[in-house]
file my_file_9.cif (mmCIF, N, CA and C atoms)
data_input
#
loop_
_atom_site.label_atom_id
_atom_site.label_comp_id
_atom_site.auth_asym_id
_atom_site.auth_seq_id
_atom_site.Cartn_x
_atom_site.Cartn_y
_atom_site.Cartn_z
N MET A 1195 -3.60 -61.92 -35.20
CA MET A 1195 -2.25 -61.80 -34.67
C MET A 1195 -2.16 -62.60 -33.38
N SER A 1196 -1.10 -63.35 -33.22
CA SER A 1196 -1.00 -64.21 -32.04
C SER A 1196 -0.49 -63.44 -30.83
N GLU A 1197 -0.92 -63.91 -29.69
CA GLU A 1197 -0.53 -63.33 -28.41
C GLU A 1197 0.64 -64.13 -27.86
N VAL A 1198 1.62 -63.43 -27.32
CA VAL A 1198 2.78 -64.10 -26.73
C VAL A 1198 2.65 -64.05 -25.21
N LYS A 1199 2.80 -65.22 -24.59
CA LYS A 1199 2.72 -65.33 -23.13
C LYS A 1199 3.94 -66.06 -22.61
N LYS A 1200 4.27 -65.77 -21.37
CA LYS A 1200 5.35 -66.48 -20.69
C LYS A 1200 4.75 -67.29 -19.56
N PHE A 1201 5.23 -68.52 -19.43
CA PHE A 1201 4.78 -69.42 -18.37
C PHE A 1201 5.97 -69.90 -17.57
N LYS A 1202 5.78 -70.01 -16.28
CA LYS A 1202 6.83 -70.52 -15.40
C LYS A 1202 6.94 -72.03 -15.57
N VAL A 1203 8.17 -72.52 -15.56
CA VAL A 1203 8.45 -73.95 -15.69
C VAL A 1203 9.48 -74.35 -14.66
N LYS A 1204 9.28 -75.51 -14.06
CA LYS A 1204 10.30 -76.12 -13.19
C LYS A 1204 10.98 -77.19 -14.03
N TRP A 1205 12.21 -76.94 -14.42
CA TRP A 1205 12.93 -77.87 -15.28
C TRP A 1205 13.61 -78.96 -14.48
N VAL A 1206 13.48 -80.19 -14.91
CA VAL A 1206 14.25 -81.30 -14.38
C VAL A 1206 15.53 -81.43 -15.20
N SER A 1207 15.37 -81.28 -16.51
CA SER A 1207 16.53 -81.21 -17.40
C SER A 1207 16.24 -80.08 -18.39
N PHE A 1208 17.20 -79.19 -18.59
CA PHE A 1208 16.96 -78.00 -19.40
C PHE A 1208 18.04 -77.82 -20.45
N LYS A 1209 17.62 -77.42 -21.61
CA LYS A 1209 18.47 -76.81 -22.63
C LYS A 1209 17.55 -75.99 -23.52
N LYS A 1210 18.11 -75.01 -24.18
CA LYS A 1210 17.30 -74.14 -25.03
C LYS A 1210 16.70 -74.94 -26.18
N PHE A 1211 15.46 -74.60 -26.52
CA PHE A 1211 14.79 -75.25 -27.64
C PHE A 1211 13.69 -74.36 -28.18
N SER A 1212 13.22 -74.71 -29.36
CA SER A 1212 12.08 -74.06 -29.98
C SER A 1212 11.39 -75.11 -30.83
N GLY A 1213 10.06 -75.16 -30.77
CA GLY A 1213 9.36 -76.13 -31.57
C GLY A 1213 7.86 -76.01 -31.46
N GLU A 1214 7.20 -76.82 -32.27
CA GLU A 1214 5.74 -76.85 -32.31
C GLU A 1214 5.21 -77.88 -31.32
N THR A 1215 4.10 -77.55 -30.67
CA THR A 1215 3.51 -78.44 -29.68
C THR A 1215 2.69 -79.55 -30.31
N LEU A 1216 2.67 -80.65 -29.59
CA LEU A 1216 1.76 -81.77 -29.85
C LEU A 1216 1.24 -82.17 -28.46
N LYS A 1217 -0.08 -82.12 -28.27
CA LYS A 1217 -0.64 -82.28 -26.93
C LYS A 1217 -1.53 -83.50 -26.83
N SER A 1218 -1.26 -84.30 -25.80
CA SER A 1218 -2.11 -85.44 -25.46
C SER A 1218 -2.89 -85.11 -24.20
N SER A 1219 -4.18 -85.34 -24.22
CA SER A 1219 -5.01 -85.06 -23.04
C SER A 1219 -4.92 -86.19 -22.01
N VAL A 1220 -4.32 -87.30 -22.40
CA VAL A 1220 -4.19 -88.45 -21.49
C VAL A 1220 -2.72 -88.81 -21.33
N PRO A 1221 -2.39 -89.47 -20.21
CA PRO A 1221 -1.00 -89.90 -20.00
C PRO A 1221 -0.54 -90.85 -21.10
N ILE A 1222 0.77 -90.88 -21.33
CA ILE A 1222 1.35 -91.74 -22.35
C ILE A 1222 2.26 -92.77 -21.68
N SER A 1223 2.11 -94.01 -22.08
CA SER A 1223 3.05 -95.06 -21.71
C SER A 1223 4.00 -95.23 -22.89
N PHE A 1224 5.28 -94.96 -22.66
CA PHE A 1224 6.23 -95.08 -23.76
C PHE A 1224 6.45 -96.54 -24.14
N LEU A 1225 6.39 -97.45 -23.15
CA LEU A 1225 6.51 -98.88 -23.46
C LEU A 1225 5.17 -99.37 -23.98
N GLY A 1226 5.12 -99.70 -25.26
CA GLY A 1226 3.88 -100.17 -25.87
C GLY A 1226 2.98 -99.08 -26.40
N GLY A 1227 3.31 -97.82 -26.10
CA GLY A 1227 2.48 -96.72 -26.56
C GLY A 1227 3.12 -95.88 -27.65
N VAL A 1228 4.46 -96.01 -27.78
CA VAL A 1228 5.20 -95.23 -28.76
C VAL A 1228 6.17 -96.16 -29.48
N ASP A 1229 6.21 -96.09 -30.80
CA ASP A 1229 7.18 -96.88 -31.56
C ASP A 1229 8.55 -96.24 -31.40
N PRO A 1230 9.51 -96.94 -30.78
CA PRO A 1230 10.82 -96.34 -30.51
C PRO A 1230 11.65 -96.08 -31.77
N LYS A 1231 11.29 -96.67 -32.87
CA LYS A 1231 12.05 -96.46 -34.12
C LYS A 1231 11.56 -95.24 -34.89
N THR A 1232 10.26 -94.94 -34.78
CA THR A 1232 9.68 -93.87 -35.59
C THR A 1232 9.15 -92.68 -34.77
N GLY A 1233 8.84 -92.91 -33.49
CA GLY A 1233 8.24 -91.85 -32.68
C GLY A 1233 6.74 -91.73 -32.86
N VAL A 1234 6.14 -92.68 -33.54
CA VAL A 1234 4.69 -92.65 -33.79
C VAL A 1234 3.95 -93.25 -32.60
N ILE A 1235 2.87 -92.61 -32.19
CA ILE A 1235 2.01 -93.13 -31.12
C ILE A 1235 1.27 -94.35 -31.66
N ILE A 1236 1.48 -95.50 -31.01
CA ILE A 1236 0.86 -96.75 -31.48
C ILE A 1236 -0.23 -97.26 -30.54
N ASP A 1237 -0.50 -96.50 -29.48
CA ASP A 1237 -1.58 -96.84 -28.55
C ASP A 1237 -2.89 -96.31 -29.15
N SER A 1238 -3.74 -97.22 -29.61
CA SER A 1238 -4.97 -96.81 -30.30
C SER A 1238 -5.97 -96.09 -29.40
N SER A 1239 -5.78 -96.16 -28.08
CA SER A 1239 -6.69 -95.46 -27.18
C SER A 1239 -6.28 -94.00 -26.96
N ASN A 1240 -5.12 -93.61 -27.47
CA ASN A 1240 -4.64 -92.24 -27.31
C ASN A 1240 -5.13 -91.38 -28.47
N SER A 1241 -5.51 -90.15 -28.16
CA SER A 1241 -6.00 -89.23 -29.20
C SER A 1241 -4.91 -88.89 -30.22
N LEU A 1242 -3.66 -89.14 -29.90
CA LEU A 1242 -2.55 -88.88 -30.83
C LEU A 1242 -2.20 -90.11 -31.67
N TYR A 1243 -3.01 -91.14 -31.59
CA TYR A 1243 -2.74 -92.38 -32.33
C TYR A 1243 -2.40 -92.09 -33.79
N GLY A 1244 -1.26 -92.65 -34.23
CA GLY A 1244 -0.83 -92.47 -35.60
C GLY A 1244 0.00 -91.22 -35.85
N LYS A 1245 0.10 -90.34 -34.86
CA LYS A 1245 0.89 -89.11 -35.02
C LYS A 1245 2.29 -89.34 -34.46
N SER A 1246 3.22 -88.58 -34.99
CA SER A 1246 4.61 -88.69 -34.56
C SER A 1246 4.96 -87.61 -33.55
N ILE A 1247 5.70 -88.00 -32.52
CA ILE A 1247 6.18 -87.05 -31.53
C ILE A 1247 7.57 -86.52 -31.91
N LYS A 1248 8.12 -87.05 -32.99
CA LYS A 1248 9.46 -86.65 -33.44
C LYS A 1248 9.50 -85.15 -33.71
N ASP A 1249 10.51 -84.49 -33.12
CA ASP A 1249 10.76 -83.06 -33.33
C ASP A 1249 9.60 -82.17 -32.89
N LYS A 1250 8.79 -82.65 -31.95
CA LYS A 1250 7.69 -81.86 -31.38
C LYS A 1250 7.98 -81.54 -29.92
N VAL A 1251 7.32 -80.53 -29.41
CA VAL A 1251 7.30 -80.29 -27.97
C VAL A 1251 6.08 -81.04 -27.46
N LEU A 1252 6.31 -82.17 -26.81
CA LEU A 1252 5.22 -83.04 -26.37
C LEU A 1252 4.67 -82.56 -25.05
N LEU A 1253 3.37 -82.27 -25.03
CA LEU A 1253 2.67 -81.94 -23.80
C LEU A 1253 1.77 -83.12 -23.45
N MET A 1254 1.85 -83.55 -22.20
CA MET A 1254 0.99 -84.62 -21.72
C MET A 1254 0.83 -84.44 -20.22
N PRO A 1255 -0.23 -85.02 -19.63
CA PRO A 1255 -0.42 -84.85 -18.19
C PRO A 1255 0.76 -85.40 -17.39
N PHE A 1256 1.15 -86.64 -17.70
CA PHE A 1256 2.25 -87.32 -17.02
C PHE A 1256 2.48 -88.64 -17.74
N GLY A 1257 3.56 -89.31 -17.39
CA GLY A 1257 3.84 -90.61 -17.96
C GLY A 1257 3.30 -91.73 -17.09
N VAL A 1258 3.02 -92.85 -17.71
CA VAL A 1258 2.53 -94.04 -16.99
C VAL A 1258 3.25 -95.26 -17.54
N GLY A 1259 3.10 -96.36 -16.83
CA GLY A 1259 3.61 -97.63 -17.33
C GLY A 1259 4.91 -98.04 -16.69
N SER A 1260 5.55 -98.94 -17.35
CA SER A 1260 6.77 -99.58 -16.87
C SER A 1260 7.95 -98.61 -16.85
N THR A 1261 8.88 -98.88 -15.94
CA THR A 1261 10.11 -98.09 -15.90
C THR A 1261 10.95 -98.30 -17.16
N VAL A 1262 10.64 -99.32 -17.93
CA VAL A 1262 11.31 -99.52 -19.21
C VAL A 1262 11.00 -98.35 -20.15
N GLY A 1263 9.95 -97.63 -19.86
CA GLY A 1263 9.60 -96.45 -20.65
C GLY A 1263 10.74 -95.44 -20.74
N SER A 1264 11.54 -95.34 -19.67
CA SER A 1264 12.71 -94.45 -19.69
C SER A 1264 13.67 -94.85 -20.79
N TYR A 1265 13.83 -96.15 -20.97
CA TYR A 1265 14.74 -96.63 -22.02
C TYR A 1265 14.13 -96.49 -23.41
N ILE A 1266 12.81 -96.48 -23.49
CA ILE A 1266 12.15 -96.22 -24.77
C ILE A 1266 12.42 -94.77 -25.18
N ILE A 1267 12.37 -93.85 -24.22
CA ILE A 1267 12.70 -92.45 -24.51
C ILE A 1267 14.14 -92.35 -25.01
N TYR A 1268 15.04 -93.08 -24.36
CA TYR A 1268 16.44 -93.12 -24.79
C TYR A 1268 16.56 -93.68 -26.22
N ALA A 1269 15.82 -94.75 -26.50
CA ALA A 1269 15.84 -95.34 -27.84
C ALA A 1269 15.30 -94.35 -28.88
N LEU A 1270 14.26 -93.60 -28.52
CA LEU A 1270 13.74 -92.58 -29.42
C LEU A 1270 14.83 -91.58 -29.79
N LYS A 1271 15.60 -91.17 -28.79
CA LYS A 1271 16.69 -90.21 -29.02
C LYS A 1271 17.75 -90.82 -29.94
N LYS A 1272 18.15 -92.04 -29.65
CA LYS A 1272 19.17 -92.72 -30.46
C LYS A 1272 18.70 -92.95 -31.90
N ASN A 1273 17.41 -93.14 -32.08
CA ASN A 1273 16.84 -93.38 -33.41
C ASN A 1273 16.41 -92.08 -34.12
N LEU A 1274 16.77 -90.95 -33.51
CA LEU A 1274 16.43 -89.63 -34.07
C LEU A 1274 14.93 -89.46 -34.26
N ALA A 1275 14.15 -90.03 -33.32
CA ALA A 1275 12.69 -89.98 -33.38
C ALA A 1275 12.08 -89.36 -32.12
N ALA A 1276 12.91 -88.70 -31.32
CA ALA A 1276 12.46 -88.17 -30.03
C ALA A 1276 11.81 -86.80 -30.17
N PRO A 1277 11.00 -86.45 -29.17
CA PRO A 1277 10.48 -85.08 -29.13
C PRO A 1277 11.61 -84.11 -28.80
N ILE A 1278 11.42 -82.84 -29.14
CA ILE A 1278 12.39 -81.80 -28.81
C ILE A 1278 12.42 -81.59 -27.30
N ALA A 1279 11.24 -81.67 -26.66
CA ALA A 1279 11.09 -81.47 -25.22
C ALA A 1279 9.78 -82.12 -24.79
N ILE A 1280 9.67 -82.36 -23.47
CA ILE A 1280 8.43 -82.89 -22.91
C ILE A 1280 8.04 -82.01 -21.73
N LEU A 1281 6.76 -81.60 -21.71
CA LEU A 1281 6.21 -80.78 -20.63
C LEU A 1281 4.99 -81.48 -20.06
N THR A 1282 4.94 -81.59 -18.73
CA THR A 1282 3.80 -82.19 -18.04
C THR A 1282 3.36 -81.27 -16.90
N TYR A 1283 2.24 -81.60 -16.27
CA TYR A 1283 1.84 -80.85 -15.07
C TYR A 1283 1.95 -81.69 -13.81
N LYS A 1284 2.16 -82.99 -13.96
CA LYS A 1284 2.27 -83.87 -12.80
C LYS A 1284 3.55 -84.70 -12.94
N PRO A 1285 4.39 -84.66 -11.92
CA PRO A 1285 5.65 -85.41 -12.04
C PRO A 1285 5.44 -86.92 -11.91
N ASP A 1286 6.28 -87.65 -12.58
CA ASP A 1286 6.34 -89.10 -12.43
C ASP A 1286 7.83 -89.45 -12.47
N ILE A 1287 8.19 -90.68 -12.34
CA ILE A 1287 9.60 -91.07 -12.33
C ILE A 1287 10.09 -91.48 -13.72
N ILE A 1288 9.21 -91.98 -14.55
CA ILE A 1288 9.61 -92.56 -15.83
C ILE A 1288 10.08 -91.50 -16.83
N VAL A 1289 9.27 -90.50 -17.09
CA VAL A 1289 9.58 -89.52 -18.12
C VAL A 1289 10.80 -88.67 -17.76
N PRO A 1290 10.89 -88.11 -16.54
CA PRO A 1290 12.09 -87.32 -16.24
C PRO A 1290 13.38 -88.15 -16.31
N SER A 1291 13.31 -89.41 -15.90
CA SER A 1291 14.50 -90.26 -15.97
C SER A 1291 14.92 -90.48 -17.41
N GLY A 1292 13.96 -90.79 -18.26
CA GLY A 1292 14.25 -90.99 -19.67
C GLY A 1292 14.79 -89.73 -20.33
N CYS A 1293 14.21 -88.60 -19.97
CA CYS A 1293 14.69 -87.34 -20.54
C CYS A 1293 16.10 -87.01 -20.05
N ALA A 1294 16.37 -87.28 -18.79
CA ALA A 1294 17.70 -86.98 -18.25
C ALA A 1294 18.78 -87.80 -18.95
N ILE A 1295 18.57 -89.10 -19.12
CA ILE A 1295 19.60 -89.92 -19.77
C ILE A 1295 19.69 -89.66 -21.27
N SER A 1296 18.65 -89.05 -21.84
CA SER A 1296 18.62 -88.78 -23.27
C SER A 1296 18.94 -87.33 -23.60
N ARG A 1297 19.10 -86.53 -22.58
CA ARG A 1297 19.37 -85.09 -22.74
C ARG A 1297 18.26 -84.39 -23.53
N ILE A 1298 17.04 -84.73 -23.15
CA ILE A 1298 15.85 -84.08 -23.70
C ILE A 1298 15.29 -83.17 -22.62
N PRO A 1299 15.03 -81.91 -22.92
CA PRO A 1299 14.45 -81.02 -21.90
C PRO A 1299 13.12 -81.58 -21.38
N TYR A 1300 12.98 -81.58 -20.04
CA TYR A 1300 11.74 -82.01 -19.40
C TYR A 1300 11.40 -80.98 -18.33
N GLY A 1301 10.15 -80.50 -18.38
CA GLY A 1301 9.74 -79.50 -17.40
C GLY A 1301 8.32 -79.71 -16.91
N LEU A 1302 8.06 -79.13 -15.74
CA LEU A 1302 6.74 -79.18 -15.11
C LEU A 1302 6.09 -77.80 -15.18
N LEU A 1303 4.87 -77.78 -15.68
CA LEU A 1303 4.04 -76.58 -15.71
C LEU A 1303 2.98 -76.69 -14.64
N SER A 1304 2.39 -75.57 -14.25
CA SER A 1304 1.20 -75.65 -13.40
C SER A 1304 0.07 -76.23 -14.24
N TYR A 1305 -0.90 -76.83 -13.58
CA TYR A 1305 -2.04 -77.41 -14.30
C TYR A 1305 -2.75 -76.35 -15.14
N ASN A 1306 -2.98 -75.18 -14.55
CA ASN A 1306 -3.70 -74.12 -15.26
C ASN A 1306 -2.95 -73.64 -16.50
N ASP A 1307 -1.63 -73.51 -16.38
CA ASP A 1307 -0.84 -73.10 -17.54
C ASP A 1307 -0.83 -74.20 -18.60
N TRP A 1308 -0.72 -75.45 -18.18
CA TRP A 1308 -0.74 -76.59 -19.11
C TRP A 1308 -2.04 -76.58 -19.93
N LEU A 1309 -3.15 -76.26 -19.28
CA LEU A 1309 -4.44 -76.21 -19.97
C LEU A 1309 -4.49 -75.14 -21.06
N LYS A 1310 -3.75 -74.06 -20.88
CA LYS A 1310 -3.79 -72.93 -21.81
C LYS A 1310 -3.00 -73.19 -23.10
N ILE A 1311 -2.13 -74.17 -23.08
CA ILE A 1311 -1.27 -74.43 -24.24
C ILE A 1311 -1.92 -75.49 -25.11
N GLU A 1312 -2.08 -75.18 -26.39
CA GLU A 1312 -2.78 -76.06 -27.32
C GLU A 1312 -1.82 -76.72 -28.30
N ASP A 1313 -2.38 -77.53 -29.18
CA ASP A 1313 -1.64 -78.15 -30.28
C ASP A 1313 -1.19 -77.11 -31.30
N HIS A 1314 -0.09 -77.42 -31.95
CA HIS A 1314 0.37 -76.70 -33.14
C HIS A 1314 0.66 -75.22 -32.90
N ILE A 1315 1.21 -74.92 -31.73
CA ILE A 1315 1.68 -73.56 -31.48
C ILE A 1315 3.17 -73.61 -31.18
N LEU A 1316 3.82 -72.50 -31.33
CA LEU A 1316 5.26 -72.43 -31.14
C LEU A 1316 5.59 -72.15 -29.68
N ILE A 1317 6.52 -72.95 -29.15
CA ILE A 1317 7.05 -72.75 -27.80
C ILE A 1317 8.55 -72.63 -27.92
N ARG A 1318 9.10 -71.72 -27.15
CA ARG A 1318 10.56 -71.67 -27.08
C ARG A 1318 10.99 -71.50 -25.62
N ALA A 1319 12.12 -72.10 -25.32
CA ALA A 1319 12.70 -71.99 -23.98
C ALA A 1319 14.10 -71.41 -24.13
N GLU A 1320 14.28 -70.25 -23.53
CA GLU A 1320 15.59 -69.61 -23.57
C GLU A 1320 16.11 -69.32 -22.17
N GLU A 1321 15.21 -69.32 -21.21
CA GLU A 1321 15.56 -69.07 -19.81
C GLU A 1321 15.25 -70.32 -19.00
N GLU A 1322 15.94 -70.49 -17.91
CA GLU A 1322 15.78 -71.71 -17.12
C GLU A 1322 14.52 -71.77 -16.28
N ASN A 1323 13.73 -70.71 -16.24
CA ASN A 1323 12.53 -70.76 -15.40
C ASN A 1323 11.24 -70.44 -16.14
N GLU A 1324 11.31 -70.38 -17.50
CA GLU A 1324 10.10 -70.04 -18.23
C GLU A 1324 10.13 -70.55 -19.67
N ILE A 1325 8.94 -70.57 -20.26
CA ILE A 1325 8.81 -70.82 -21.69
C ILE A 1325 8.03 -69.65 -22.28
N VAL A 1326 8.23 -69.40 -23.54
CA VAL A 1326 7.51 -68.35 -24.25
C VAL A 1326 6.62 -69.05 -25.26
N VAL A 1327 5.33 -68.73 -25.20
CA VAL A 1327 4.33 -69.40 -26.02
C VAL A 1327 3.59 -68.39 -26.88
N SER A 1328 3.43 -68.72 -28.16
CA SER A 1328 2.62 -67.90 -29.06
C SER A 1328 1.23 -68.50 -29.11
N LEU A 1329 0.27 -67.86 -28.43
CA LEU A 1329 -1.10 -68.37 -28.36
C LEU A 1329 -1.92 -67.90 -29.53
#
call {"tool": "encode", "arguments": {"input": "my_file_9.cif", "output": "C-alpha coordinates"}}
result
Amino acid sequence: MSEVKKFKVKWVSFKKFSGETLKSSVPISFLGGVDPKTGVIIDSSNSLYGKSIKDKVLLMPFGVGSTVGSYIIYALKKNLAAPIAILTYKPDIIVPSGCAISRIPYGLLSYNDWLKIEDHILIRAEEENEIVVSL
(Lines of atoms letter the chains of each structure in order from A and count residues from 1; the text may use other names and numbers.)
(Lines give C-alpha, C1' and ligand atoms only; values in the text may rest on other atoms or scores of the structure.)
Protein backbone atom coordinates (compact mmCIF):
# COMPACT_ATOMS: atom_id res chain seq x y z
CA MET A 1 0.00 0.00 0.00
CA SER A 2 1.41 3.38 -0.92
CA GLU A 3 2.10 6.13 1.56
CA VAL A 4 0.73 9.61 0.89
CA LYS A 5 2.90 12.60 1.80
CA LYS A 6 2.54 16.33 1.41
CA PHE A 7 5.47 18.52 0.41
CA LYS A 8 5.74 22.28 0.51
CA VAL A 9 6.22 23.99 -2.86
CA LYS A 10 7.01 27.57 -3.82
CA TRP A 11 5.12 28.09 -7.06
CA VAL A 12 6.31 30.50 -9.71
CA SER A 13 3.32 29.60 -11.86
CA PHE A 14 0.49 27.49 -10.44
CA LYS A 15 -2.58 25.66 -11.59
CA LYS A 16 -4.11 22.42 -10.37
CA PHE A 17 -2.72 19.27 -11.93
CA SER A 18 -2.29 15.55 -11.44
CA GLY A 19 0.17 13.28 -13.17
CA GLU A 20 2.94 10.73 -13.12
CA THR A 21 6.51 11.79 -12.40
CA LEU A 22 9.50 11.51 -14.68
CA LYS A 23 12.75 12.38 -12.89
CA SER A 24 16.12 13.45 -14.26
CA SER A 25 19.07 13.40 -11.87
CA VAL A 26 20.88 15.98 -14.02
CA PRO A 27 19.88 19.42 -15.30
CA ILE A 28 18.13 19.59 -18.67
CA SER A 29 18.88 22.02 -21.49
CA PHE A 30 15.68 22.42 -23.46
CA LEU A 31 17.59 23.86 -26.44
CA GLY A 32 19.24 20.81 -28.01
CA GLY A 33 18.18 18.50 -25.20
CA VAL A 34 14.47 18.09 -25.91
CA ASP A 35 12.71 17.66 -29.26
CA PRO A 36 10.15 20.50 -29.30
CA LYS A 37 7.81 18.58 -31.62
CA THR A 38 7.62 15.34 -29.64
CA GLY A 39 8.82 16.09 -26.09
CA VAL A 40 11.42 13.32 -26.32
CA ILE A 41 14.77 13.83 -24.56
CA ILE A 42 17.38 13.86 -27.34
CA ASP A 43 20.45 14.59 -25.20
CA SER A 44 22.24 11.22 -25.14
CA SER A 45 24.09 12.14 -21.94
CA ASN A 46 20.82 12.40 -19.98
CA SER A 47 19.47 9.34 -18.17
CA LEU A 48 16.05 10.12 -19.71
CA TYR A 49 17.42 9.85 -23.26
CA GLY A 50 14.69 8.58 -25.58
CA LYS A 51 11.89 9.13 -23.05
CA SER A 52 9.08 11.61 -23.52
CA ILE A 53 8.29 14.38 -21.05
CA LYS A 54 4.86 14.82 -22.64
CA ASP A 55 2.05 14.72 -20.06
CA LYS A 56 4.50 13.98 -17.22
CA VAL A 57 5.37 15.87 -14.06
CA LEU A 58 9.02 16.55 -14.86
CA LEU A 59 11.40 16.63 -11.91
CA MET A 60 14.92 17.89 -12.51
CA PRO A 61 17.53 19.74 -10.45
CA PHE A 62 17.33 22.91 -12.58
CA GLY A 63 17.48 24.07 -16.17
CA VAL A 64 20.66 24.95 -18.05
CA GLY A 65 21.61 26.33 -21.42
CA SER A 66 20.47 29.12 -23.63
CA THR A 67 17.60 31.46 -22.87
CA VAL A 68 16.10 30.10 -26.08
CA GLY A 69 15.16 27.15 -23.88
CA SER A 70 12.19 29.21 -22.64
CA TYR A 71 10.87 29.30 -26.19
CA ILE A 72 11.45 25.56 -26.57
CA ILE A 73 9.17 25.06 -23.55
CA TYR A 74 6.61 27.29 -25.29
CA ALA A 75 6.99 25.26 -28.50
CA LEU A 76 6.44 22.05 -26.52
CA LYS A 77 3.16 23.48 -25.23
CA LYS A 78 2.05 24.61 -28.70
CA ASN A 79 2.91 21.17 -30.11
CA LEU A 80 0.98 19.40 -27.33
CA ALA A 81 4.23 17.74 -26.20
CA ALA A 82 4.82 19.61 -22.93
CA PRO A 83 5.04 18.24 -19.42
CA ILE A 84 2.03 18.73 -17.13
CA ALA A 85 4.29 20.54 -14.63
CA ILE A 86 7.98 21.04 -13.82
CA LEU A 87 9.45 20.82 -10.32
CA THR A 88 13.05 21.67 -9.41
CA TYR A 89 15.03 22.34 -6.24
CA LYS A 90 17.22 25.13 -7.60
CA PRO A 91 15.84 28.17 -9.39
CA ASP A 92 17.10 29.31 -12.75
CA ILE A 93 15.75 31.89 -15.20
CA ILE A 94 15.09 29.69 -18.23
CA VAL A 95 12.58 27.13 -16.97
CA PRO A 96 10.32 29.46 -14.93
CA SER A 97 10.19 31.92 -17.82
CA GLY A 98 9.23 29.20 -20.28
CA CYS A 99 6.63 27.82 -17.92
CA ALA A 100 5.14 31.26 -17.28
CA ILE A 101 4.65 32.08 -20.97
CA SER A 102 3.34 28.55 -21.61
CA ARG A 103 1.06 28.39 -18.57
CA ILE A 104 2.75 25.27 -17.28
CA PRO A 105 2.92 24.93 -13.48
CA TYR A 106 6.49 25.43 -12.21
CA GLY A 107 7.48 25.01 -8.58
CA LEU A 108 10.48 24.82 -6.28
CA LEU A 109 10.88 22.03 -3.75
CA SER A 110 13.45 21.78 -1.00
CA TYR A 111 16.42 19.63 -1.98
CA ASN A 112 15.54 17.00 0.63
CA ASP A 113 11.93 16.75 -0.54
CA TRP A 114 13.05 16.59 -4.19
CA LEU A 115 15.25 13.60 -3.31
CA LYS A 116 12.28 11.72 -1.81
CA ILE A 117 10.20 11.85 -4.99
CA GLU A 118 10.91 9.08 -7.49
CA ASP A 119 9.95 8.13 -11.04
CA HIS A 120 6.52 6.82 -11.93
CA ILE A 121 4.57 7.99 -8.90
CA LEU A 122 1.45 10.10 -8.82
CA ILE A 123 1.66 13.77 -7.84
CA ARG A 124 -1.23 16.14 -7.57
CA ALA A 125 -1.39 19.84 -6.81
CA GLU A 126 -4.62 21.24 -5.48
CA GLU A 127 -3.33 23.88 -3.07
CA GLU A 128 -1.01 26.75 -3.86
CA ASN A 129 1.62 25.80 -1.28
CA GLU A 130 1.90 22.02 -1.50
CA ILE A 131 1.84 18.87 -3.57
CA VAL A 132 0.45 15.49 -2.56
CA VAL A 133 2.66 12.53 -3.44
CA SER A 134 1.89 8.81 -3.35
CA LEU A 135 5.19 7.21 -2.32
call {"tool": "closest_residue", "arguments": {"input": "my_file_9.cif", "among": "A:Leu1302, A:Val1203, A:Val1234, A:Leu1242", "to": "A:Thr1282", "atoms": "only N, CA and C atoms"}}
result
A:Leu1302
call {"tool": "select_by_dssp", "arguments": {"input": "my_file_9.cif", "residues": "stretch 1210-1299 of chain A", "states": "strand (DSSP E or B)", "output": "list in words"}}
result
Phe1211, Ser1212, Gly1213, Glu1214, Thr1215, Leu1216, Lys1217, Ile1222, Val1228, Val1234, Ile1235, Ser1246, Val1251, Leu1252, Leu1253, Gly1257, Ala1279, Ile1280, Leu1281 and Thr1282 of chain A
call {"tool": "atom_distance", "arguments": {"input": "my_file_9.cif", "atom1": "atom N of A:Leu1253", "atom2": "atom CA of A:Tyr1265"}}
result
18.6 Å
call {"tool": "closest_residue", "arguments": {"input": "my_file_9.cif", "among": "A:Lys1209, A:Asp1249, A:Phe1256, A:Leu1270", "to": "A:Asp1229", "atoms": "all atoms listed in the file"}}
result
A:Leu1270
call {"tool": "resolve_selection", "arguments": {"input": "my_file_9.cif", "expression": "the PyMOL selection byres (((chain A and resi 1236 and name CA) around 12) and name CA)", "output": "PyMOL selection string"}}
result
chain A and resi 1222-1235+1237-1247
call {"tool": "resolve_selection", "arguments": {"input": "my_file_9.cif", "expression": "the PyMOL selection byres ((chain A and resi 1314) around 6)", "output": "PyMOL selection string"}}
result
chain A and resi 1214-1217+1312-1313+1315-1316
call {"tool": "resolve_selection", "arguments": {"input": "my_file_9.cif", "expression": "the PyMOL selection byres ((chain A and resi 1204-1206) around 8)", "output": "PyMOL selection string"}}
result
chain A and resi 1201-1203+1207-1209+1290+1293-1294+1298-1304+1322-1325
call {"tool": "atom_distance", "arguments": {"input": "my_file_9.cif", "atom1": "atom CA of A:Ala1275", "atom2": "atom CA of A:Leu1309"}}
result
25.7 Å
call {"tool": "atom_distance", "arguments": {"input": "my_file_9.cif", "atom1": "atom C of A:Ser1291", "atom2": "atom C of A:Ser1212"}}
result
20.7 Å
call {"tool": "closest_residue", "arguments": {"input": "my_file_9.cif", "among": "A:Glu1197, A:Pro1285, A:Gly1213, A:Lys1271", "to": "A:Arg1318", "atoms": "only N, CA and C atoms"}}
result
A:Gly1213
call {"tool": "closest_residue", "arguments": {"input": "my_file_9.cif", "among": "A:Tyr1283, A:Ser1260, A:Ser1218, A:Glu1320", "to": "A:Asn1306", "atoms": "all atoms listed in the file"}}
result
A:Tyr1283
call {"tool": "closest_residue", "arguments": {"input": "my_file_9.cif", "among": "A:Ile1267, A:Val1326, A:Val1220, A:Leu1252", "to": "A:Gly1292", "atoms": "only N, CA and C atoms"}}
result
A:Ile1267
call {"tool": "residues_around", "arguments": {"input": "my_file_9.cif", "residues": "A:Lys1199", "least_positions_apart": "3", "cutoff": "8 Å", "atoms": "only C-alpha atoms", "output": "PyMOL selection string"}}
result
chain A and resi 1326-1329
